[in-house]
>>> print(open('protein-v5.txt').read())   # compact mmCIF, C-alpha atoms
# COMPACT_ATOMS: atom_id res chain seq x y z
CA MET Q 1 115.15 -55.03 -226.40
CA THR Q 2 114.96 -54.66 -222.62
CA LEU Q 3 116.94 -57.11 -220.55
CA PRO Q 4 115.11 -58.75 -217.65
CA TYR Q 5 115.95 -57.40 -214.22
CA LYS Q 6 118.04 -59.81 -212.20
CA PRO Q 7 118.12 -58.82 -208.52
CA ALA Q 8 120.35 -61.76 -207.63
CA ALA Q 9 122.98 -60.71 -210.14
CA GLU Q 10 122.82 -57.11 -208.94
CA SER Q 11 123.20 -58.22 -205.33
CA ARG Q 12 126.21 -60.35 -206.27
CA LEU Q 13 127.76 -57.41 -208.14
CA ARG Q 14 127.34 -55.12 -205.16
CA ARG Q 15 128.86 -57.69 -202.85
CA ASN Q 16 131.83 -58.78 -204.94
CA GLY Q 17 132.36 -55.68 -207.08
CA PRO Q 18 132.97 -55.70 -210.83
CA ARG Q 19 135.09 -58.55 -212.13
CA LEU Q 20 138.43 -57.49 -213.51
CA ARG Q 21 139.57 -58.92 -216.81
CA HIS Q 22 142.99 -60.56 -216.76
CA THR Q 23 144.60 -58.55 -219.53
CA LEU Q 24 148.16 -57.35 -219.95
CA PRO Q 25 148.40 -53.73 -218.76
CA PRO Q 26 149.95 -51.14 -221.07
CA LEU Q 27 153.72 -50.87 -220.84
CA PRO Q 28 153.75 -47.18 -219.70
CA LEU Q 29 151.74 -48.27 -216.64
CA LEU Q 30 153.35 -51.66 -216.04
CA VAL Q 31 156.95 -50.43 -215.84
CA PRO Q 32 156.46 -47.68 -213.19
CA ALA Q 33 154.15 -50.01 -211.26
CA LEU Q 34 156.88 -52.65 -211.09
CA VAL Q 35 159.45 -49.99 -210.14
CA GLY Q 36 157.21 -48.81 -207.31
CA LEU Q 37 156.63 -52.36 -206.10
CA THR Q 38 160.37 -53.05 -206.16
CA PHE Q 39 161.08 -49.84 -204.29
CA LEU Q 40 158.70 -50.83 -201.51
CA LEU Q 41 159.77 -54.45 -201.22
CA LEU Q 42 163.53 -54.20 -201.73
CA PRO Q 43 164.35 -52.74 -198.26
CA LEU Q 44 162.25 -55.43 -196.55
CA VAL Q 45 163.88 -58.19 -198.59
CA ALA Q 46 167.31 -56.75 -197.79
CA LEU Q 47 166.44 -56.85 -194.11
CA PHE Q 48 165.76 -60.57 -194.36
CA ILE Q 49 168.88 -61.21 -196.44
CA ARG Q 50 171.20 -59.39 -194.03
CA ALA Q 51 169.55 -60.77 -190.88
CA PRO Q 52 171.97 -62.64 -188.59
CA TRP Q 53 169.85 -65.79 -188.46
CA THR Q 54 172.49 -67.92 -186.74
CA SER Q 55 172.95 -65.51 -183.83
CA MET Q 56 169.33 -64.36 -183.72
CA PRO Q 57 168.42 -66.26 -180.50
CA GLN Q 58 171.37 -64.77 -178.61
CA LEU Q 59 170.67 -61.26 -179.88
CA LEU Q 60 166.98 -61.37 -178.96
CA THR Q 61 167.46 -62.85 -175.50
CA THR Q 62 169.73 -60.17 -174.07
CA PRO Q 63 168.37 -58.36 -170.99
CA GLU Q 64 168.35 -55.03 -172.86
CA VAL Q 65 166.15 -56.36 -175.66
CA TRP Q 66 163.74 -58.08 -173.28
CA GLU Q 67 163.45 -54.94 -171.16
CA ALA Q 68 162.77 -52.81 -174.24
CA LEU Q 69 160.22 -55.36 -175.50
CA ARG Q 70 158.47 -55.49 -172.12
CA LEU Q 71 158.32 -51.72 -171.89
CA SER Q 72 157.09 -51.42 -175.48
CA LEU Q 73 154.25 -53.88 -174.95
CA ILE Q 74 153.16 -52.27 -171.68
CA CYS Q 75 153.29 -48.71 -173.01
CA ALA Q 76 151.65 -49.52 -176.36
CA THR Q 77 148.83 -51.41 -174.67
CA THR Q 78 148.28 -48.66 -172.10
CA ALA Q 79 148.32 -46.00 -174.83
CA THR Q 80 145.73 -48.00 -176.77
CA VAL Q 81 143.47 -48.25 -173.72
CA VAL Q 82 143.77 -44.48 -173.17
CA SER Q 83 142.99 -43.91 -176.86
CA MET Q 84 139.89 -46.09 -176.63
CA VAL Q 85 138.59 -44.44 -173.45
CA VAL Q 86 138.68 -40.95 -174.94
CA GLY Q 87 138.83 -41.72 -178.67
CA VAL Q 88 135.60 -43.70 -179.03
CA PRO Q 89 133.46 -40.93 -177.47
CA LEU Q 90 135.29 -38.40 -179.65
CA ALA Q 91 134.53 -40.45 -182.75
CA TRP Q 92 130.87 -40.68 -181.70
CA LEU Q 93 130.78 -36.90 -181.25
CA LEU Q 94 132.18 -36.31 -184.73
CA ALA Q 95 129.87 -38.85 -186.36
CA ARG Q 96 126.59 -38.24 -184.55
CA VAL Q 97 126.53 -34.61 -183.36
CA ASN Q 98 126.24 -31.73 -185.80
CA PHE Q 99 127.89 -28.76 -184.11
CA PRO Q 100 129.55 -25.61 -185.46
CA GLY Q 101 133.17 -26.16 -186.44
CA ARG Q 102 132.88 -29.94 -186.66
CA GLY Q 103 135.02 -30.00 -189.80
CA LEU Q 104 137.73 -28.01 -188.08
CA VAL Q 105 137.66 -30.32 -185.05
CA ARG Q 106 137.96 -33.35 -187.33
CA ALA Q 107 140.93 -31.76 -189.09
CA LEU Q 108 142.63 -31.04 -185.76
CA VAL Q 109 142.01 -34.59 -184.56
CA THR Q 110 143.68 -36.04 -187.65
CA LEU Q 111 146.55 -33.54 -187.57
CA PRO Q 112 148.93 -35.92 -185.71
CA LEU Q 113 148.70 -38.24 -188.73
CA VAL Q 114 150.61 -35.76 -190.89
CA LEU Q 115 152.49 -33.91 -188.17
CA PRO Q 116 156.18 -34.91 -187.93
CA PRO Q 117 156.49 -37.01 -184.75
CA VAL Q 118 159.39 -34.89 -183.49
CA VAL Q 119 157.17 -31.82 -183.75
CA GLY Q 120 154.54 -33.70 -181.77
CA GLY Q 121 157.13 -34.40 -179.08
CA VAL Q 122 158.12 -30.73 -178.93
CA ALA Q 123 154.44 -29.75 -178.71
CA LEU Q 124 153.98 -32.18 -175.80
CA LEU Q 125 156.98 -30.63 -174.05
CA MET Q 126 155.52 -27.15 -174.50
CA ALA Q 127 152.20 -28.33 -173.08
CA LEU Q 128 153.14 -30.88 -170.41
CA GLY Q 129 156.80 -30.15 -169.67
CA ARG Q 130 157.87 -28.81 -166.28
CA THR Q 131 157.65 -25.28 -167.68
CA GLY Q 132 154.83 -26.07 -170.11
CA VAL Q 133 151.43 -24.45 -170.34
CA VAL Q 134 149.81 -27.18 -168.22
CA GLY Q 135 152.87 -29.03 -166.96
CA GLN Q 136 154.05 -26.18 -164.77
CA TRP Q 137 150.82 -26.31 -162.77
CA LEU Q 138 150.95 -30.11 -162.54
CA ASP Q 139 154.46 -29.81 -161.10
CA ALA Q 140 153.66 -26.93 -158.76
CA TRP Q 141 150.32 -28.17 -157.42
CA PHE Q 142 150.65 -31.96 -157.50
CA GLY Q 143 154.38 -32.60 -157.97
CA ILE Q 144 153.65 -34.52 -161.19
CA THR Q 145 156.42 -34.56 -163.79
CA LEU Q 146 155.56 -36.23 -167.09
CA PRO Q 147 158.56 -35.77 -169.44
CA PHE Q 148 161.29 -38.43 -169.40
CA THR Q 149 159.09 -40.90 -167.55
CA THR Q 150 157.26 -44.08 -168.53
CA THR Q 151 154.00 -42.12 -168.32
CA GLY Q 152 155.51 -39.70 -170.82
CA VAL Q 153 156.07 -42.62 -173.21
CA VAL Q 154 152.40 -43.58 -172.92
CA LEU Q 155 151.26 -40.00 -173.57
CA ALA Q 156 153.55 -39.62 -176.58
CA GLU Q 157 152.34 -42.89 -178.08
CA ALA Q 158 148.68 -42.06 -177.42
CA PHE Q 159 149.12 -38.66 -179.07
CA VAL Q 160 150.28 -40.16 -182.36
CA ALA Q 161 148.13 -43.33 -182.27
CA MET Q 162 144.70 -42.03 -181.23
CA PRO Q 163 143.79 -40.53 -184.65
CA PHE Q 164 143.93 -44.02 -186.19
CA LEU Q 165 141.32 -45.21 -183.71
CA VAL Q 166 139.13 -42.13 -184.11
CA ILE Q 167 139.11 -42.34 -187.91
CA SER Q 168 138.28 -46.05 -187.89
CA VAL Q 169 135.49 -45.74 -185.33
CA GLU Q 170 134.02 -42.63 -186.94
CA GLY Q 171 133.86 -44.38 -190.31
CA THR Q 172 132.13 -47.35 -188.73
CA LEU Q 173 129.65 -45.07 -186.94
CA ARG Q 174 128.81 -43.28 -190.17
CA ALA Q 175 128.13 -46.61 -191.85
CA ALA Q 176 125.92 -47.81 -188.97
CA ASP Q 177 122.22 -46.99 -189.13
CA PRO Q 178 121.40 -44.35 -186.46
CA ARG Q 179 117.77 -45.46 -186.42
CA TYR Q 180 118.67 -48.26 -184.00
CA GLU Q 181 119.78 -45.66 -181.47
CA GLU Q 182 116.64 -43.61 -182.12
CA ALA Q 183 114.45 -46.66 -181.60
CA ALA Q 184 116.17 -47.39 -178.30
CA THR Q 185 115.63 -43.82 -177.06
CA THR Q 186 111.93 -43.92 -178.02
CA LEU Q 187 111.62 -47.05 -175.85
CA GLY Q 188 112.87 -45.13 -172.84
CA ALA Q 189 116.62 -45.66 -172.94
CA SER Q 190 118.91 -42.71 -172.36
CA ARG Q 191 121.34 -41.72 -175.11
CA PHE Q 192 124.24 -43.18 -173.15
CA THR Q 193 122.36 -46.44 -172.57
CA ALA Q 194 121.52 -46.60 -176.27
CA PHE Q 195 125.17 -46.07 -177.10
CA ARG Q 196 126.33 -48.70 -174.60
CA ARG Q 197 123.72 -51.36 -175.34
CA VAL Q 198 122.99 -50.78 -179.04
CA THR Q 199 125.62 -48.73 -180.83
CA LEU Q 200 128.76 -50.11 -179.22
CA PRO Q 201 127.99 -53.76 -180.11
CA LEU Q 202 127.24 -52.67 -183.69
CA ILE Q 203 130.55 -50.87 -184.13
CA ALA Q 204 132.65 -53.40 -182.18
CA PRO Q 205 134.52 -54.62 -185.31
CA GLY Q 206 135.47 -51.04 -186.19
CA VAL Q 207 136.60 -50.36 -182.63
CA ALA Q 208 138.70 -53.53 -182.64
CA ALA Q 209 140.30 -52.64 -185.99
CA GLY Q 210 141.04 -49.11 -184.83
CA ALA Q 211 142.49 -50.40 -181.56
CA VAL Q 212 144.82 -52.78 -183.39
CA LEU Q 213 145.99 -50.01 -185.71
CA ALA Q 214 146.53 -47.67 -182.77
CA TRP Q 215 148.44 -50.35 -180.88
CA ALA Q 216 150.72 -51.04 -183.83
CA ARG Q 217 151.33 -47.32 -184.35
CA ALA Q 218 152.10 -46.86 -180.66
CA LEU Q 219 154.47 -49.82 -180.69
CA GLY Q 220 156.46 -48.31 -183.55
CA GLU Q 221 156.52 -44.71 -182.32
CA PHE Q 222 159.97 -43.11 -182.19
CA GLY Q 223 160.12 -39.35 -182.79
CA ALA Q 224 157.62 -38.09 -180.22
CA THR Q 225 158.85 -40.63 -177.66
CA ILE Q 226 162.53 -39.73 -177.82
CA THR Q 227 161.71 -36.01 -177.79
CA PHE Q 228 159.22 -36.03 -174.93
CA ALA Q 229 160.33 -39.07 -172.90
CA GLY Q 230 164.00 -39.51 -173.78
CA ASN Q 231 165.90 -42.77 -174.18
CA PHE Q 232 166.54 -44.22 -170.72
CA PRO Q 233 166.95 -48.02 -170.56
CA GLY Q 234 164.33 -49.67 -168.38
CA ARG Q 235 162.26 -46.49 -168.11
CA THR Q 236 161.62 -44.96 -171.53
CA GLN Q 237 163.64 -47.04 -174.02
CA THR Q 238 161.14 -48.82 -176.23
CA MET Q 239 161.91 -51.16 -179.14
CA PRO Q 240 162.30 -48.45 -181.83
CA LEU Q 241 164.64 -46.52 -179.55
CA ALA Q 242 166.59 -49.72 -178.88
CA VAL Q 243 167.00 -50.16 -182.65
CA TYR Q 244 168.29 -46.61 -182.97
CA LEU Q 245 170.78 -47.12 -180.15
CA ALA Q 246 171.92 -50.54 -181.41
CA MET Q 247 172.64 -49.17 -184.90
CA GLN Q 248 175.47 -47.13 -183.40
CA SER Q 249 177.21 -50.01 -181.64
CA ASP Q 250 175.76 -53.37 -182.77
CA PRO Q 251 174.10 -53.31 -186.24
CA GLU Q 252 173.29 -57.03 -186.08
CA ALA Q 253 171.25 -56.50 -182.93
CA ALA Q 254 169.48 -53.59 -184.62
CA VAL Q 255 168.54 -55.84 -187.55
CA ALA Q 256 167.29 -58.55 -185.20
CA VAL Q 257 165.07 -56.15 -183.25
CA SER Q 258 163.86 -54.61 -186.51
CA LEU Q 259 162.73 -58.04 -187.66
CA VAL Q 260 160.64 -58.38 -184.49
CA LEU Q 261 158.88 -55.10 -185.24
CA LEU Q 262 158.45 -56.14 -188.88
CA ALA Q 263 156.86 -59.41 -187.77
CA VAL Q 264 154.43 -57.48 -185.57
CA SER Q 265 153.49 -55.24 -188.51
CA ILE Q 266 152.88 -58.25 -190.75
CA ALA Q 267 150.76 -59.85 -188.04
CA VAL Q 268 148.65 -56.70 -187.78
CA LEU Q 269 148.07 -56.62 -191.54
CA ALA Q 270 147.18 -60.30 -191.51
CA GLY Q 271 144.70 -59.73 -188.70
CA LEU Q 272 143.04 -56.87 -190.57
CA ARG Q 273 143.09 -58.45 -194.02
CA ASP Q 274 139.30 -58.88 -194.12
CA ARG Q 275 138.77 -55.19 -193.34
CA TRP Q 276 141.49 -53.49 -195.40
CA MET Q 277 142.20 -55.99 -198.17
CA THR Q 278 139.95 -57.51 -200.79
CA THR Q 279 140.47 -60.46 -203.08
CA SER Q 280 139.42 -60.74 -206.68
>>> encode(input="protein-v5.txt", output="structure tokens")
Amino acid sequence: MTLPYKPAAESRLRRNGPRLRHTLPPLPLLVPALVGLTFLLLPLVALFIRAPWTSMPQLLTTPEVWEALRLSLICATTATVVSMVVGVPLAWLLARVNFPGRGLVRALVTLPLVLPPVVGGVALLMALGRTGVVGQWLDAWFGITLPFTTTGVVLAEAFVAMPFLVISVEGTLRAADPRYEEAATTLGASRFTAFRRVTLPLIAPGVAAGAVLAWARALGEFGATITFAGNFPGRTQTMPLAVYLAMQSDPEAAVAVSLVLLAVSIAVLAGLRDRWMTTS
């Protein structure tokens, strides 16, 4: 017997996915799953338990914390803008242009995701330091010194955060129908005009999601920043560096600042819940 075709049911299945049955999982899977969940949540719960809630306002209103917070917000936002200016065209190139070695270029673009941040900082020093491959000419010709400056913080954060934006935008571009761009070019628009007037509005949600991820990653960057830009209060000391410094002299202040960064991370996840999380 052949069942009648139900397009509405198929459309609903594609949209919502298969329904999961609420059954008790097997014990060999349940126990390690609970252990893994506990392992991930226990440090965060401990942070809340040990937080100095009574002295939190005093700890978070010190001039050092406010200066680190101000610098972190400025540098993370600037690094995100830099990532968008060069990262969105790079994502378009990877998604829309078929050129030799595209796979290798994509691998190199995503390399900072798995590269230890300290190694990224050393690499930036070798490239842009005063004796670096490019930095020596910047210093000799223009008198520009990038390491251990606020600009160095922005560059270090952009280096580690840009791949998040590129991956997000490239995935959105691959999901978007390229025929809209082709139709615009057949009507007389240039490829750049088609990108600006047609493609960019289509991929705006992906660009926004990638920008938020890049901003959060830049805000929490530590290894590349301390290696390339140092830890100078008011100039290169961001919030993660302030936590590291406070752990040596004032652990309660370190916990308080850590809670601020944790709150930012939770806010980012909450803002991206429709893109990265699904409900049953």
>>> atom_distance(input="protein-v5.txt", atom1="CA of Pro205 in chain Q", atom2="CA of Glu170 in chain Q")
12.1 Å
>>> residues_around(input="protein-v5.txt", residues="Ala156 in chain Q", least_positions_apart="4", cutoff="10 Å", atoms="all atoms listed in the file", output="list in words")
Cys75, Ala79, Pro117, Gly120, Gly121, Leu124, Leu125, Pro147, Thr150, Thr151, Gly152, Val160, Ala161, Ala218, Glu221, Phe222, Gly223, Ala224, Thr225, Ile226, Thr227, Phe228 and Ala229 of chain Q
>>> residues_around(input="protein-v5.txt", residues="range 36-52 of chain Q", least_positions_apart="2", cutoff="8 Å", atoms="all atoms listed in the file", output="PyMOL selection string")
chain Q and resi 32-34+54-56+252+255-256+259
>>> closest_residue(input="protein-v5.txt", among="Q:Leu155, Q:Val88, Q:Pro25, Q:Gly171", to="Arg196 in chain Q", atoms="all atoms listed in the file")
Q:Val88
>>> closest_residue(input="protein-v5.txt", among="Q:Val198, Q:Ala246, Q:Val119, Q:Leu59", to="Arg179 in chain Q", atoms="only C-alpha atoms")
Q:Val198
